[in-house]
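> I'd like to ask some things about the structure below.
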Amino acid sequence: MEITKFTCDKCGDLDSVVFSGYPFGDRLLEGVMFKAFFDNGGTLKVTLNDPSDKAYCSQLNMKYWYKEALDFAKKLDIAECPKCGEEVDGPGQDDDAPPPKTYPAKALSLEQWVEEAIDKRKDKK
Ligand SMILES: [Zn+2]
């Protein structure tokens, strides 16, 4: 299941999570922190975490690096809490919880439902 919001065990709900640019940008993005957040439509977005990095990053092809950062963020399973710095689940974290109960794809009419319920009882006998 895809994560659609971030939470920290200590801080509760988070607007964003923070991650380093180093794993995908190597030395070029060493020390540059990005943050991942969901926009109003629930789409994952990335931006610079620290506005003071803007000057440095303006020398880089940030169109490219934002795309790289986004691809990276989508697979990121551990990120950082922007408030306390603790590890939190990233956007790519798989939810280990069992999948939600599936409902029959087709909507059953009441009659069909009763019929199926009766059939199931018969099976038990
Ligand atoms: Zn926290």
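Order determines the names: the first chain of the structure tokens is A, the second B, and so forth; residues in each chain are numbered 1 upward, and ligands are numbered 1 upward as they are shown.
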When you look at region 42-50 of chain A with a cut-off of 9 Å (counting only C-alpha atoms), what residues show up, excluding the ones that are within fewer than 2 positions of it in the same chain? I need them as a PyMOL selection string.
chain A and resi 4-5+18-19+32-40+52-54+66-67+69-70+73-74+82+91
> Next, dump the selected residues to file, keeping only N, CA and C atoms, as an mmCIF file, in the first residue's frame.

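Contents of the output file result.cif:
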```cif
data_model
loop_
_atom_site.group_PDB
_atom_site.id
_atom_site.type_symbol
_atom_site.label_atom_id
_atom_site.label_comp_id
_atom_site.auth_asym_id
_atom_site.auth_seq_id
_atom_site.Cartn_x
_atom_site.Cartn_y
_atom_site.Cartn_z
ATOM 1 N N THR A 4 0.249 7.813 1.955
ATOM 2 C CA THR A 4 -0.301 9.075 1.446
ATOM 3 C C THR A 4 -0.156 10.197 2.468
ATOM 4 N N LYS A 5 0.359 9.857 3.631
ATOM 5 C CA LYS A 5 0.693 10.918 4.585
ATOM 6 C C LYS A 5 1.834 10.430 5.464
ATOM 7 N N VAL A 18 12.088 14.698 5.237
ATOM 8 C CA VAL A 18 13.323 15.255 4.714
ATOM 9 C C VAL A 18 14.269 14.124 4.311
ATOM 10 N N PHE A 19 14.992 14.330 3.225
ATOM 11 C CA PHE A 19 15.994 13.336 2.828
ATOM 12 C C PHE A 19 17.163 14.047 2.159
ATOM 13 N N VAL A 32 22.912 18.761 0.593
ATOM 14 C CA VAL A 32 21.674 19.416 0.187
ATOM 15 C C VAL A 32 20.505 18.527 0.610
ATOM 16 N N MET A 33 19.607 19.092 1.407
ATOM 17 C CA MET A 33 18.480 18.312 1.884
ATOM 18 C C MET A 33 17.233 18.680 1.083
ATOM 19 N N PHE A 34 16.488 17.650 0.761
ATOM 20 C CA PHE A 34 15.221 17.851 0.062
ATOM 21 C C PHE A 34 14.089 17.493 0.999
ATOM 22 N N LYS A 35 12.928 18.002 0.685
ATOM 23 C CA LYS A 35 11.779 17.486 1.421
ATOM 24 C C LYS A 35 10.732 16.981 0.438
ATOM 25 N N ALA A 36 10.064 15.930 0.853
ATOM 26 C CA ALA A 36 8.997 15.340 0.051
ATOM 27 C C ALA A 36 7.681 15.639 0.747
ATOM 28 N N PHE A 37 6.688 15.997 -0.020
ATOM 29 C CA PHE A 37 5.379 16.293 0.568
ATOM 30 C C PHE A 37 4.299 15.952 -0.454
ATOM 31 N N PHE A 38 3.096 15.842 0.029
ATOM 32 C CA PHE A 38 1.968 15.593 -0.864
ATOM 33 C C PHE A 38 1.224 16.899 -1.095
ATOM 34 N N ASP A 39 0.970 17.205 -2.355
ATOM 35 C CA ASP A 39 0.205 18.425 -2.624
ATOM 36 C C ASP A 39 -1.281 18.165 -2.350
ATOM 37 N N ASN A 40 -2.091 19.166 -2.588
ATOM 38 C CA ASN A 40 -3.514 19.040 -2.246
ATOM 39 C C ASN A 40 -4.197 17.887 -2.981
ATOM 40 N N SER A 52 18.215 28.227 1.893
ATOM 41 C CA SER A 52 19.557 28.784 1.705
ATOM 42 C C SER A 52 20.362 27.956 0.697
ATOM 43 N N ASP A 53 19.862 26.756 0.348
ATOM 44 C CA ASP A 53 20.545 25.956 -0.674
ATOM 45 C C ASP A 53 20.198 26.422 -2.081
ATOM 46 N N LYS A 54 19.235 27.321 -2.180
ATOM 47 C CA LYS A 54 18.760 27.748 -3.501
ATOM 48 C C LYS A 54 19.870 28.362 -4.343
ATOM 49 N N TYR A 66 15.483 17.716 -9.630
ATOM 50 C CA TYR A 66 14.184 17.552 -8.961
ATOM 51 C C TYR A 66 13.500 16.275 -9.416
ATOM 52 N N LYS A 67 13.681 15.969 -10.693
ATOM 53 C CA LYS A 67 13.084 14.742 -11.216
ATOM 54 C C LYS A 67 13.759 13.533 -10.566
ATOM 55 N N ALA A 69 15.262 13.538 -7.707
ATOM 56 C CA ALA A 69 14.874 13.553 -6.295
ATOM 57 C C ALA A 69 13.499 12.935 -6.121
ATOM 58 N N LEU A 70 12.608 13.242 -7.045
ATOM 59 C CA LEU A 70 11.249 12.704 -6.950
ATOM 60 C C LEU A 70 11.257 11.192 -7.151
ATOM 61 N N ALA A 73 12.603 9.769 -4.064
ATOM 62 C CA ALA A 73 11.665 9.876 -2.942
ATOM 63 C C ALA A 73 10.565 8.816 -3.025
ATOM 64 N N LYS A 74 10.147 8.531 -4.252
ATOM 65 C CA LYS A 74 9.065 7.548 -4.414
ATOM 66 C C LYS A 74 9.454 6.178 -3.890
ATOM 67 N N PRO A 82 11.153 16.218 9.812
ATOM 68 C CA PRO A 82 11.672 17.586 9.736
ATOM 69 C C PRO A 82 11.709 18.294 11.091
ATOM 70 N N PRO A 91 8.041 7.896 1.614
ATOM 71 C CA PRO A 91 6.930 7.670 0.686
ATOM 72 C C PRO A 91 6.930 6.263 0.088
#
```
> Could you produce a table of the residues of chain A lying within 10 Å of ligand 1, with the nearest pair of atoms per residue and their separation in Å rounded to one decimal, using only C-alpha atoms and all ligand atoms, ordered by chain and increasing residue number, as a Markdown table?

```
| residue | atom | partner | partner_atom_place_in_ligand_line | distance |
| --- | --- | --- | --- | --- |
| A:Thr7 | CA | ligand 1 | 1 (Zn) | 7.9 |
| A:Cys8 | CA | ligand 1 | 1 (Zn) | 4.8 |
| A:Asp9 | CA | ligand 1 | 1 (Zn) | 6.5 |
| A:Lys10 | CA | ligand 1 | 1 (Zn) | 4.9 |
| A:Cys11 | CA | ligand 1 | 1 (Zn) | 4.3 |
| A:Gly12 | CA | ligand 1 | 1 (Zn) | 7.1 |
| A:Asp13 | CA | ligand 1 | 1 (Zn) | 8.8 |
| A:Leu14 | CA | ligand 1 | 1 (Zn) | 8.0 |
| A:Val17 | CA | ligand 1 | 1 (Zn) | 9.5 |
| A:Glu80 | CA | ligand 1 | 1 (Zn) | 7.9 |
| A:Cys81 | CA | ligand 1 | 1 (Zn) | 4.7 |
| A:Pro82 | CA | ligand 1 | 1 (Zn) | 6.6 |
| A:Lys83 | CA | ligand 1 | 1 (Zn) | 5.0 |
| A:Cys84 | CA | ligand 1 | 1 (Zn) | 4.1 |
| A:Gly85 | CA | ligand 1 | 1 (Zn) | 6.0 |
| A:Glu86 | CA | ligand 1 | 1 (Zn) | 5.5 |
| A:Glu87 | CA | ligand 1 | 1 (Zn) | 7.9 |
| A:Val88 | CA | ligand 1 | 1 (Zn) | 7.7 |
```
> Apply DSSP to the structure's backbone, then extract all residues of chain A labelled strand (DSSP E) and return them as number ranges by chain.
A: 6-8, 12-14, 16-20, 33-38, 44-48, 78-80, 87-89
> Please determine, counting only C-alpha atoms, which residue among A:Glu30, A:Ser109, A:Gly41, A:Phe24 has the shortest atom-to-atom distance to Tyr64 (chain A).
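Of all the options, A:Phe24 lies closest to Tyr64 (chain A).
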